[in-house]
file coords-v6.cif (mmCIF, C-alpha atoms)
data_upload
#
loop_
_atom_site.label_atom_id
_atom_site.label_comp_id
_atom_site.auth_asym_id
_atom_site.auth_seq_id
_atom_site.Cartn_x
_atom_site.Cartn_y
_atom_site.Cartn_z
CA MET A 1053 -26.77 5.19 3.09
CA GLU A 1054 -25.27 1.73 2.95
CA ILE A 1055 -26.92 -1.65 3.30
CA VAL A 1056 -25.46 -3.33 6.38
CA LYS A 1057 -24.95 -7.11 6.28
CA THR A 1058 -24.21 -9.33 9.25
CA GLU A 1059 -20.91 -11.23 9.24
CA ALA A 1060 -22.78 -14.46 8.55
CA GLU A 1061 -24.61 -12.88 5.61
CA GLU A 1062 -21.32 -11.55 4.26
CA ARG A 1063 -19.68 -14.97 4.43
CA THR A 1064 -22.61 -16.66 2.71
CA PHE A 1065 -22.58 -14.00 0.00
CA VAL A 1066 -18.79 -14.32 -0.57
CA GLN A 1067 -18.96 -18.14 -0.67
CA LYS A 1068 -21.62 -17.97 -3.39
CA LEU A 1069 -19.43 -15.66 -5.43
CA LEU A 1070 -16.49 -18.05 -5.00
CA ASP A 1071 -18.56 -21.07 -6.02
CA THR A 1072 -19.68 -19.18 -9.12
CA SER A 1073 -16.21 -17.95 -10.08
CA TRP A 1074 -13.95 -20.96 -9.39
CA PRO A 1075 -16.20 -24.04 -8.91
CA ALA A 1076 -13.49 -26.54 -9.91
CA LEU A 1077 -11.10 -25.31 -7.17
CA HIS A 1078 -13.60 -25.71 -4.29
CA PRO A 1079 -12.44 -22.56 -2.46
CA ILE A 1080 -13.62 -22.00 1.11
CA VAL A 1081 -13.87 -18.56 2.67
CA GLY A 1082 -12.12 -18.55 6.04
CA GLN A 1083 -10.83 -16.12 8.65
CA LEU A 1084 -11.59 -12.42 8.33
CA LEU A 1085 -8.20 -10.71 7.87
CA GLY A 1086 -9.19 -7.09 7.51
CA ARG A 1087 -11.94 -4.61 6.76
CA GLY A 1088 -11.39 -1.30 5.00
CA GLY A 1089 -13.55 1.51 3.74
CA GLN A 1090 -14.28 -0.20 0.42
CA ALA A 1091 -13.41 -3.87 0.81
CA VAL A 1092 -13.14 -6.91 3.07
CA VAL A 1093 -10.20 -9.36 3.06
CA TYR A 1094 -10.53 -13.04 4.01
CA LYS A 1095 -8.23 -16.00 4.20
CA LEU A 1096 -9.08 -18.42 1.41
CA THR A 1097 -8.36 -22.16 1.51
CA PHE A 1098 -8.48 -24.74 -1.26
CA ALA A 1099 -8.98 -28.50 -1.49
CA ASP A 1100 -5.26 -29.06 -2.11
CA GLY A 1101 -4.44 -27.37 1.23
CA HIS A 1102 -2.88 -24.10 0.04
CA SER A 1103 -4.13 -20.70 1.21
CA GLU A 1104 -4.50 -17.28 -0.36
CA ALA A 1105 -5.86 -13.87 0.56
CA LEU A 1106 -9.21 -12.89 -0.94
CA LYS A 1107 -10.21 -9.25 -1.33
CA VAL A 1108 -13.94 -8.67 -1.83
CA ILE A 1109 -15.47 -5.44 -3.13
CA ASP A 1110 -19.29 -5.55 -2.93
CA THR A 1111 -20.85 -2.47 -4.52
CA SER A 1112 -24.42 -3.68 -3.83
CA VAL A 1113 -24.08 -2.22 -0.31
CA TYR A 1114 -24.45 1.30 -1.75
CA ARG A 1115 -28.05 2.49 -2.16
CA ASP A 1116 -27.05 5.58 -4.11
CA PRO A 1117 -26.48 4.81 -7.83
CA ALA A 1118 -23.75 7.45 -8.06
CA ARG A 1119 -21.81 5.82 -5.20
CA ARG A 1120 -22.25 2.38 -6.82
CA LYS A 1121 -20.94 3.76 -10.10
CA GLY A 1122 -17.88 5.20 -8.36
CA ALA A 1123 -17.28 1.97 -6.46
CA ASN A 1124 -17.54 -0.04 -9.69
CA ARG A 1125 -15.00 2.24 -11.33
CA ARG A 1126 -12.60 1.84 -8.39
CA GLY A 1127 -13.02 -1.95 -8.42
CA ARG A 1128 -12.21 -2.21 -12.12
CA SER A 1129 -9.34 0.25 -11.76
CA GLU A 1130 -7.81 -1.68 -8.85
CA ILE A 1131 -7.89 -4.93 -10.82
CA GLN A 1132 -6.35 -3.26 -13.88
CA HIS A 1133 -3.51 -1.57 -11.98
CA HIS A 1134 -2.77 -4.61 -9.81
CA GLN A 1135 -2.63 -6.90 -12.84
CA GLN A 1136 -0.34 -4.46 -14.62
CA LEU A 1137 2.06 -4.26 -11.67
CA THR A 1138 2.03 -8.01 -10.91
CA ALA A 1139 3.12 -8.68 -14.48
CA LYS A 1140 6.05 -6.25 -14.19
CA THR A 1141 7.48 -6.46 -10.68
CA GLU A 1142 7.94 -8.53 -7.53
CA THR A 1143 7.69 -5.41 -5.34
CA VAL A 1144 3.89 -5.67 -4.99
CA VAL A 1145 1.71 -8.40 -3.53
CA ARG A 1146 1.14 -11.03 -6.23
CA LEU A 1147 -2.29 -11.15 -7.82
CA PHE A 1148 -3.27 -14.68 -8.88
CA ASP A 1149 -6.73 -14.26 -10.38
CA THR A 1150 -9.76 -11.97 -10.36
CA ALA A 1151 -13.48 -12.16 -11.01
CA SER A 1152 -16.06 -9.45 -11.73
CA ILE A 1153 -19.60 -10.67 -11.09
CA PRO A 1154 -22.81 -8.74 -11.94
CA LEU A 1155 -25.19 -8.88 -8.97
CA SER A 1156 -28.32 -7.96 -10.93
CA ARG A 1157 -29.75 -8.22 -14.43
CA GLU A 1158 -28.92 -4.58 -15.07
CA ARG A 1159 -25.99 -3.76 -17.33
CA SER A 1160 -25.57 -0.07 -16.54
CA GLN A 1161 -22.42 1.46 -15.04
CA ASP A 1162 -24.17 1.89 -11.68
CA ALA A 1163 -25.49 -1.70 -11.52
CA PRO A 1164 -24.31 -3.59 -8.39
CA MET A 1165 -21.13 -5.64 -8.86
CA GLY A 1166 -18.96 -8.02 -6.88
CA PHE A 1167 -15.19 -7.93 -7.44
CA LEU A 1168 -12.93 -10.73 -6.17
CA LEU A 1169 -9.13 -10.54 -6.08
CA ARG A 1170 -7.15 -13.67 -5.17
CA MET A 1171 -3.69 -12.72 -3.87
CA GLU A 1172 -0.75 -14.26 -2.08
CA LEU A 1173 -1.27 -14.54 1.68
CA LEU A 1174 1.36 -12.43 3.45
CA LYS A 1175 2.04 -11.11 6.95
CA PRO A 1176 1.33 -7.44 7.73
CA LEU A 1177 4.10 -5.11 8.83
CA ASP A 1178 4.19 -5.25 12.64
CA ARG A 1179 5.47 -2.01 14.19
CA LYS A 1180 5.51 -3.59 17.66
CA ASN A 1181 8.65 -5.50 16.72
CA LEU A 1182 10.40 -2.20 16.01
CA ALA A 1183 9.49 -0.74 19.39
CA ALA A 1184 11.65 -3.34 21.16
CA LEU A 1185 14.81 -2.28 19.29
CA ASP A 1186 17.31 0.30 20.49
CA PRO A 1187 17.62 3.46 18.30
CA ALA A 1188 20.64 2.24 16.28
CA ASN A 1189 19.11 -1.16 15.40
CA ARG A 1190 15.66 0.33 14.88
CA GLU A 1191 17.15 2.84 12.46
CA LYS A 1192 18.77 0.05 10.44
CA ALA A 1193 15.59 -2.05 10.43
CA VAL A 1194 13.50 0.94 9.33
CA LEU A 1195 15.94 1.73 6.52
CA GLN A 1196 15.61 -1.85 5.27
CA ILE A 1197 11.82 -1.47 5.21
CA MET A 1198 12.07 1.90 3.45
CA ARG A 1199 14.45 0.43 0.86
CA ASP A 1200 11.83 -2.17 -0.13
CA VAL A 1201 9.00 0.38 -0.12
CA LEU A 1202 10.95 2.84 -2.27
CA GLU A 1203 11.88 0.07 -4.70
CA GLY A 1204 8.15 -0.59 -4.98
CA LEU A 1205 7.42 3.10 -5.58
CA CYS A 1206 10.11 3.20 -8.28
CA GLN A 1207 8.37 0.30 -10.02
CA THR A 1208 4.88 1.81 -9.71
CA GLU A 1209 6.20 5.12 -11.08
CA ASP A 1210 7.89 3.30 -13.98
CA ALA A 1211 4.50 1.72 -14.71
CA GLY A 1212 2.85 5.16 -14.68
CA ILE A 1213 0.86 4.54 -11.50
CA VAL A 1214 0.53 6.47 -8.24
CA HIS A 1215 -0.45 4.33 -5.24
CA ARG A 1216 -2.13 7.19 -3.27
CA ASP A 1217 -2.37 5.27 0.02
CA ILE A 1218 1.16 4.45 1.21
CA LYS A 1219 1.10 3.64 4.95
CA CYS A 1220 2.27 0.93 7.34
CA GLY A 1221 -1.04 -0.92 7.03
CA ASN A 1222 -0.53 -1.38 3.28
CA ILE A 1223 2.96 -2.89 3.56
CA LEU A 1224 3.17 -6.69 3.74
CA LEU A 1225 6.07 -9.06 4.44
CA ARG A 1226 6.89 -11.79 1.93
CA TYR A 1227 9.12 -14.62 3.19
CA ASP A 1228 10.46 -17.42 1.02
CA PRO A 1229 11.37 -20.41 3.26
CA ALA A 1230 13.22 -22.07 0.38
CA THR A 1231 15.77 -19.26 0.11
CA GLY A 1232 15.39 -17.64 3.53
CA GLN A 1233 14.90 -14.30 1.74
CA SER A 1234 12.28 -11.77 2.80
CA ARG A 1235 11.12 -8.40 1.53
CA PHE A 1236 8.33 -5.91 2.15
CA VAL A 1237 5.88 -5.33 -0.70
CA LEU A 1238 3.13 -2.84 -1.53
CA SER A 1239 -0.51 -3.84 -1.27
CA ASP A 1240 -4.01 -2.32 -1.70
CA PHE A 1241 -4.32 -0.54 -5.04
CA GLY A 1242 -7.91 0.58 -4.47
CA LEU A 1243 -6.94 4.26 -4.70
CA ALA A 1244 -4.23 3.87 -7.37
CA ARG A 1245 -4.41 6.14 -10.41
CA PRO A 1246 -2.32 6.89 -13.51
CA PHE A 1247 0.15 9.64 -12.64
CA HIS A 1248 0.92 12.91 -14.37
CA THR A 1249 3.20 15.87 -13.82
CA ARG A 1250 0.79 18.63 -14.81
CA THR A 1251 -0.04 21.06 -12.01
CA ASP A 1252 -3.29 22.21 -13.62
CA ARG A 1253 -4.95 18.80 -13.35
CA SER A 1254 -7.27 18.16 -10.40
CA PHE A 1255 -8.68 14.85 -9.17
CA PHE A 1256 -11.38 16.62 -7.12
CA THR A 1257 -10.89 14.12 -4.30
CA VAL A 1258 -8.88 13.98 -1.13
CA CYS A 1259 -7.44 10.48 -0.99
CA GLY A 1260 -5.23 8.57 1.39
CA SER A 1261 -5.08 8.14 5.16
CA SER A 1262 -5.16 11.03 7.64
CA ASP A 1263 -1.69 12.55 8.12
CA HIS A 1264 -0.22 10.60 5.19
CA ILE A 1265 -2.05 12.75 2.62
CA ALA A 1266 0.28 15.04 0.68
CA PRO A 1267 -0.35 18.80 1.15
CA GLU A 1268 -1.00 19.40 -2.55
CA ILE A 1269 -3.87 16.90 -2.45
CA ILE A 1270 -5.41 18.51 0.63
CA ARG A 1271 -5.07 22.05 -0.71
CA ARG A 1272 -5.94 21.62 -4.37
CA GLY A 1273 -6.87 17.99 -4.99
CA LYS A 1274 -3.78 17.70 -7.20
CA LEU A 1275 -1.60 14.64 -7.60
CA ILE A 1276 2.01 15.23 -8.68
CA ALA A 1277 3.40 11.97 -10.09
CA GLY A 1278 5.38 9.91 -7.55
CA ARG A 1279 6.15 12.94 -5.34
CA SER A 1280 2.74 12.62 -3.65
CA ASP A 1281 3.51 9.00 -2.73
CA ILE A 1282 6.94 10.10 -1.48
CA TYR A 1283 5.29 12.41 1.06
CA SER A 1284 3.20 9.49 2.35
CA ALA A 1285 6.36 7.37 2.54
CA GLY A 1286 7.99 10.10 4.62
CA VAL A 1287 5.11 10.09 7.10
CA MET A 1288 5.36 6.31 7.21
CA LEU A 1289 9.09 6.69 8.01
CA PHE A 1290 8.15 8.80 11.04
CA HIS A 1291 5.66 6.19 12.29
CA LEU A 1292 8.23 3.41 11.81
CA LEU A 1293 10.85 5.31 13.78
CA PHE A 1294 8.34 6.02 16.56
CA PRO A 1295 6.13 2.90 16.52
CA GLN A 1296 4.81 3.54 20.03
CA ASN A 1297 3.56 6.99 18.97
CA ASP A 1298 0.27 7.16 17.03
CA ASP A 1299 0.07 10.96 17.12
CA TYR A 1300 -0.83 12.88 13.98
CA PHE A 1301 2.37 13.81 12.15
CA ASP A 1302 2.71 17.52 11.41
CA PRO A 1303 5.99 18.11 9.50
CA ALA A 1304 6.15 21.81 10.43
CA LEU A 1305 5.60 21.13 14.13
CA PHE A 1306 8.05 18.23 14.05
CA ARG A 1307 10.76 20.46 12.60
CA GLN A 1308 10.30 22.86 15.52
CA LYS A 1309 10.55 20.08 18.12
CA SER A 1310 13.19 17.82 16.53
CA ALA A 1311 16.19 19.00 18.58
CA ASP A 1312 16.03 15.84 20.71
CA PHE A 1313 15.61 13.51 17.72
CA PRO A 1314 17.07 10.19 19.02
CA PHE A 1315 18.29 9.02 15.61
CA SER A 1316 21.11 10.10 13.31
CA PRO A 1317 21.17 13.50 11.56
CA GLU A 1318 21.09 11.68 8.21
CA ILE A 1319 17.76 10.04 9.07
CA LYS A 1320 16.39 13.37 10.23
CA SER A 1321 17.48 14.94 6.94
CA LEU A 1322 15.82 12.11 4.99
CA LEU A 1323 12.59 12.55 6.94
CA PHE A 1324 12.63 16.29 6.32
CA SER A 1325 13.26 15.91 2.58
CA LEU A 1326 10.50 13.33 2.07
CA THR A 1327 7.91 15.50 3.85
CA GLU A 1328 8.68 18.86 2.24
CA VAL A 1329 5.50 20.89 1.65
CA SER A 1330 6.38 21.59 -1.98
CA PRO A 1331 6.34 18.49 -4.26
CA ALA A 1332 9.22 19.97 -6.27
CA SER A 1333 11.40 20.00 -3.14
CA ARG A 1334 10.90 16.29 -2.46
CA PRO A 1335 13.17 13.68 -4.02
CA SER A 1336 11.81 11.30 -6.61
CA PRO A 1337 11.41 7.65 -5.51
CA ALA A 1338 14.65 6.80 -7.37
CA VAL A 1339 16.68 9.55 -5.66
CA ALA A 1340 15.22 8.67 -2.25
CA LEU A 1341 16.13 5.02 -2.83
CA ILE A 1342 19.74 5.97 -3.61
CA GLU A 1343 19.96 7.88 -0.33
CA VAL A 1344 18.45 5.01 1.69
CA ASN A 1345 20.86 2.54 0.10
CA ARG A 1346 23.76 4.85 0.94
CA LEU A 1347 22.67 5.04 4.59
CA LEU A 1348 22.21 1.27 4.74
CA MET A 1349 25.71 0.61 3.37
CA GLN A 1350 27.14 2.84 6.09
CA ARG A 1351 25.34 0.85 8.80
CA ASP A 1352 25.35 -2.72 7.53
CA ALA A 1353 28.69 -4.23 6.47
CA GLU A 1354 27.05 -7.37 5.07
CA TYR A 1355 24.66 -5.32 2.95
CA PHE A 1356 27.62 -3.28 1.67
CA ARG A 1357 29.45 -6.49 0.68
CA CYS A 1358 26.38 -7.74 -1.19
CA ILE A 1359 25.99 -4.47 -3.10
CA ARG A 1360 29.73 -4.38 -3.89
CA GLN A 1361 29.60 -7.97 -5.19
CA GLN A 1362 26.66 -7.10 -7.44
CA LEU A 1363 28.58 -4.13 -8.87
CA LEU A 1364 31.64 -6.27 -9.51
#

call {"tool": "encode", "arguments": {"input": "coords-v6.cif", "output": "structure tokens"}}
result
Amino acid sequence: MEIVKTEAEERTFVQKLLDTSWPALHPIVGQLLGRGGQAVVYKLTFADGHSEALKVIDTSVYRDPARRKGANRRGRSEIQHHQQLTAKTETVVRLFDTASIPLSRERSQDAPMGFLLRMELLKPLDRKNLAALDPANREKAVLQIMRDVLEGLCQTEDAGIVHRDIKCGNILLRYDPATGQSRFVLSDFGLARPFHTRTDRSFFTVCGSSDHIAPEIIRRGKLIAGRSDIYSAGVMLFHLLFPQNDDYFDPALFRQKSADFPFSPEIKSLLFSLTEVSPASRPSPAVALIEVNRLLMQRDAEYFRCIRQQLL
């Protein structure tokens, strides 16, 4: 059972945590941006006028000590992995500061805690914009999104981390008005874990979102380095190509019905390879990125010129 708070009670609670953690900055909790299974995200404003995103993990809502202990572990793990990635790469949402606040006098591992993560405020990936594009332009736009996502997965793999929840809802758009440059970045590291390549290691949990969960996790609770994230990225590719379709993606069924696939054979081949049942048959993030870059250079002359200039 969970303790249910009203929205007003939640806001009052979060504001108290903010006042305790960063009193000199005078932060004000604002608009509710999102609510997930383990956290709530708000818009945060400061006295100097700038805004950030604030992720709040409140483990006091769990009555069961074992659930509180697990939630505390996930909160600390998310902060650790996000800090590690922010220090190494620009392919994830930037983490500015964090706070971990005890919510009782207890000091045990299952004592209630509040975790605050201050991050850059970015726009979510909007699939509706893709639906308005014809197949050729949609294919190019989707490849550009996949390029950024795969670059992010390469960086997380280099850092020894598996995201475990790659989906459209966890991809954000960063735009720099000074340079006019934009890129999509990875967010939400609440399920992230260190990766391994051993097949005899089990996490004992099914993690991720519905059809995005890799088969090896569903069948055996096993996580195979970045190949499990690659499967999720492949399912995300399907949902980007068909933004108006929210049906559950079944790779076996899709293969049987893909004769009328309205996109190029190369994209179909990419989708098939990313969603192979066997992790060993899927490409690594680096190999998948090479293929996406190759397809982009075929379709975008300007992108090809930029890549060529970098190589020269």

call {"tool": "atom_distance", "arguments": {"input": "coords-v6.cif", "atom1": "atom CA of Gln1161 of chain A", "atom2": "atom CA of Gly1127 of chain A"}}
result
12.0 Å

call {"tool": "residues_around", "arguments": {"input": "coords-v6.cif", "residues": "segment 1133-1142 of chain A", "least_positions_apart": "2", "cutoff": "10 Å", "atoms": "all atoms listed in the file", "output": "PDB file with C-alpha atoms, in the frame of the given file"}}
result
ATOM      1  CA  ARG A1128     -12.210  -2.210 -12.120  1.00  0.00           C
ATOM      2  CA  SER A1129      -9.340   0.250 -11.760  1.00  0.00           C
ATOM      3  CA  GLU A1130      -7.810  -1.680  -8.850  1.00  0.00           C
ATOM      4  CA  ILE A1131      -7.890  -4.930 -10.820  1.00  0.00           C
ATOM      5  CA  VAL A1144       3.890  -5.670  -4.990  1.00  0.00           C
ATOM      6  CA  VAL A1145       1.710  -8.400  -3.530  1.00  0.00           C
ATOM      7  CA  ARG A1146       1.140 -11.030  -6.230  1.00  0.00           C
ATOM      8  CA  LEU A1147      -2.290 -11.150  -7.820  1.00  0.00           C
ATOM      9  CA  PHE A1148      -3.270 -14.680  -8.880  1.00  0.00           C
ATOM     10  CA  ASP A1149      -6.730 -14.260 -10.380  1.00  0.00           C
ATOM     11  CA  THR A1150      -9.760 -11.970 -10.360  1.00  0.00           C
ATOM     12  CA  LEU A1169      -9.130 -10.540  -6.080  1.00  0.00           C
ATOM     13  CA  GLU A1203      11.880   0.070  -4.700  1.00  0.00           C
ATOM     14  CA  GLY A1204       8.150  -0.590  -4.980  1.00  0.00           C
ATOM     15  CA  GLN A1207       8.370   0.300 -10.020  1.00  0.00           C
ATOM     16  CA  THR A1208       4.880   1.810  -9.710  1.00  0.00           C
ATOM     17  CA  ASP A1210       7.890   3.300 -13.980  1.00  0.00           C
ATOM     18  CA  ALA A1211       4.500   1.720 -14.710  1.00  0.00           C
ATOM     19  CA  GLY A1212       2.850   5.160 -14.680  1.00  0.00           C
ATOM     20  CA  ILE A1213       0.860   4.540 -11.500  1.00  0.00           C
ATOM     21  CA  VAL A1214       0.530   6.470  -8.240  1.00  0.00           C
ATOM     22  CA  HIS A1215      -0.450   4.330  -5.240  1.00  0.00           C
ATOM     23  CA  ARG A1235      11.120  -8.400   1.530  1.00  0.00           C
ATOM     24  CA  VAL A1237       5.880  -5.330  -0.700  1.00  0.00           C
ATOM     25  CA  LEU A1238       3.130  -2.840  -1.530  1.00  0.00           C
ATOM     26  CA  SER A1239      -0.510  -3.840  -1.270  1.00  0.00           C
ATOM     27  CA  ASP A1240      -4.010  -2.320  -1.700  1.00  0.00           C
ATOM     28  CA  PHE A1241      -4.320  -0.540  -5.040  1.00  0.00           C
ATOM     29  CA  GLY A1242      -7.910   0.580  -4.470  1.00  0.00           C
ATOM     30  CA  LEU A1243      -6.940   4.260  -4.700  1.00  0.00           C
ATOM     31  CA  ALA A1244      -4.230   3.870  -7.370  1.00  0.00           C
ATOM     32  CA  ARG A1245      -4.410   6.140 -10.410  1.00  0.00           C
ATOM     33  CA  PRO A1246      -2.320   6.890 -13.510  1.00  0.00           C
TER      34      PRO A1246
END

call {"tool": "closest_atom_pairs", "arguments": {"input": "coords-v6.cif", "of": "segment 1148-1267 of chain A", "to": "segment 1305-1314 of chain A", "cutoff": "12 Å", "atoms": "only C-alpha atoms", "output": "Markdown table"}}
result
| residue | atom | partner | partner_atom | distance |
| --- | --- | --- | --- | --- |
| A:Asp1186 | CA | A:Pro1314 | CA | 10.0 |
| A:Pro1187 | CA | A:Pro1314 | CA | 6.8 |
| A:Ala1188 | CA | A:Pro1314 | CA | 9.1 |
| A:Arg1190 | CA | A:Pro1314 | CA | 10.8 |
| A:Glu1191 | CA | A:Pro1314 | CA | 9.9 |

call {"tool": "residues_around", "arguments": {"input": "coords-v6.cif", "residues": "segment 1317-1331 of chain A", "least_positions_apart": "6", "cutoff": "10 Å", "atoms": "all atoms listed in the file", "output": "NGL selection string"}}
result
:A and (1191 or 1195 or 1264 or 1266-1268 or 1275-1290 or 1293 or 1302-1304 or 1306-1307 or 1310 or 1337 or 1340 or 1343-1344 or 1347)

call {"tool": "resolve_selection", "arguments": {"input": "coords-v6.cif", "expression": "the PyMOL selection byres ((chain A and resi 1100-1110) around 8)", "output": "ChimeraX atom specification"}}
result
/A:1066,1090-1099,1111-1113,1127,1164-1174

call {"tool": "write_last_selection", "arguments": {"input": "coords-v6.cif", "atoms": "C-alpha atoms", "output": "CSV table (one decimal), keeping the file's coordinate frame"}}
result
chain,number,residue,atom,x,y,z
A,1066,VAL,CA,-18.8,-14.3,-0.6
A,1090,GLN,CA,-14.3,-0.2,0.4
A,1091,ALA,CA,-13.4,-3.9,0.8
A,1092,VAL,CA,-13.1,-6.9,3.1
A,1093,VAL,CA,-10.2,-9.4,3.1
A,1094,TYR,CA,-10.5,-13.0,4.0
A,1095,LYS,CA,-8.2,-16.0,4.2
A,1096,LEU,CA,-9.1,-18.4,1.4
A,1097,THR,CA,-8.4,-22.2,1.5
A,1098,PHE,CA,-8.5,-24.7,-1.3
A,1099,ALA,CA,-9.0,-28.5,-1.5
A,1111,THR,CA,-20.8,-2.5,-4.5
A,1112,SER,CA,-24.4,-3.7,-3.8
A,1113,VAL,CA,-24.1,-2.2,-0.3
A,1127,GLY,CA,-13.0,-2.0,-8.4
A,1164,PRO,CA,-24.3,-3.6,-8.4
A,1165,MET,CA,-21.1,-5.6,-8.9
A,1166,GLY,CA,-19.0,-8.0,-6.9
A,1167,PHE,CA,-15.2,-7.9,-7.4
A,1168,LEU,CA,-12.9,-10.7,-6.2
A,1169,LEU,CA,-9.1,-10.5,-6.1
A,1170,ARG,CA,-7.2,-13.7,-5.2
A,1171,MET,CA,-3.7,-12.7,-3.9
A,1172,GLU,CA,-0.8,-14.3,-2.1
A,1173,LEU,CA,-1.3,-14.5,1.7
A,1174,LEU,CA,1.4,-12.4,3.4

call {"tool": "decode", "arguments": {"input": "coords-v6.cif", "residues": "segment 1148-1162 of chain A", "atoms": "N, CA and C atoms", "output": "compact mmCIF listing (two decimals), in the first residue's frame"}}
result
# COMPACT_ATOMS: atom_id res chain seq x y z
N PHE A 1148 22.22 19.37 -12.67
CA PHE A 1148 22.89 20.53 -12.06
C PHE A 1148 23.26 20.29 -10.60
N ASP A 1149 22.32 19.73 -9.84
CA ASP A 1149 22.57 19.52 -8.41
C ASP A 1149 21.56 18.51 -7.89
N THR A 1150 21.88 17.92 -6.75
CA THR A 1150 20.98 16.94 -6.13
C THR A 1150 20.96 17.16 -4.63
N ALA A 1151 19.94 16.60 -4.00
CA ALA A 1151 19.84 16.62 -2.54
C ALA A 1151 19.18 15.33 -2.09
N SER A 1152 19.68 14.76 -1.00
CA SER A 1152 19.10 13.57 -0.39
C SER A 1152 18.74 13.93 1.04
N ILE A 1153 17.43 13.94 1.35
CA ILE A 1153 16.97 14.46 2.63
C ILE A 1153 16.28 13.37 3.44
N PRO A 1154 16.81 13.04 4.64
CA PRO A 1154 16.09 12.10 5.52
C PRO A 1154 14.76 12.69 5.96
N LEU A 1155 13.71 11.89 5.94
CA LEU A 1155 12.37 12.37 6.30
C LEU A 1155 11.93 11.87 7.67
N SER A 1156 12.87 11.27 8.40
CA SER A 1156 12.59 10.85 9.78
C SER A 1156 13.90 10.83 10.53
N ARG A 1157 13.83 10.54 11.83
CA ARG A 1157 15.03 10.47 12.65
C ARG A 1157 15.76 9.14 12.48
N GLU A 1158 15.10 8.19 11.85
CA GLU A 1158 15.72 6.88 11.63
C GLU A 1158 16.93 7.03 10.69
N ARG A 1159 17.86 6.09 10.81
CA ARG A 1159 19.02 6.09 9.94
C ARG A 1159 19.22 4.72 9.29
N SER A 1160 18.16 3.94 9.22
CA SER A 1160 18.25 2.62 8.61
C SER A 1160 18.08 2.74 7.10
N GLN A 1161 18.39 1.66 6.38
CA GLN A 1161 18.28 1.67 4.92
C GLN A 1161 16.84 1.78 4.44
N ASP A 1162 15.88 1.41 5.29
CA ASP A 1162 14.48 1.51 4.88
C ASP A 1162 13.78 2.74 5.47
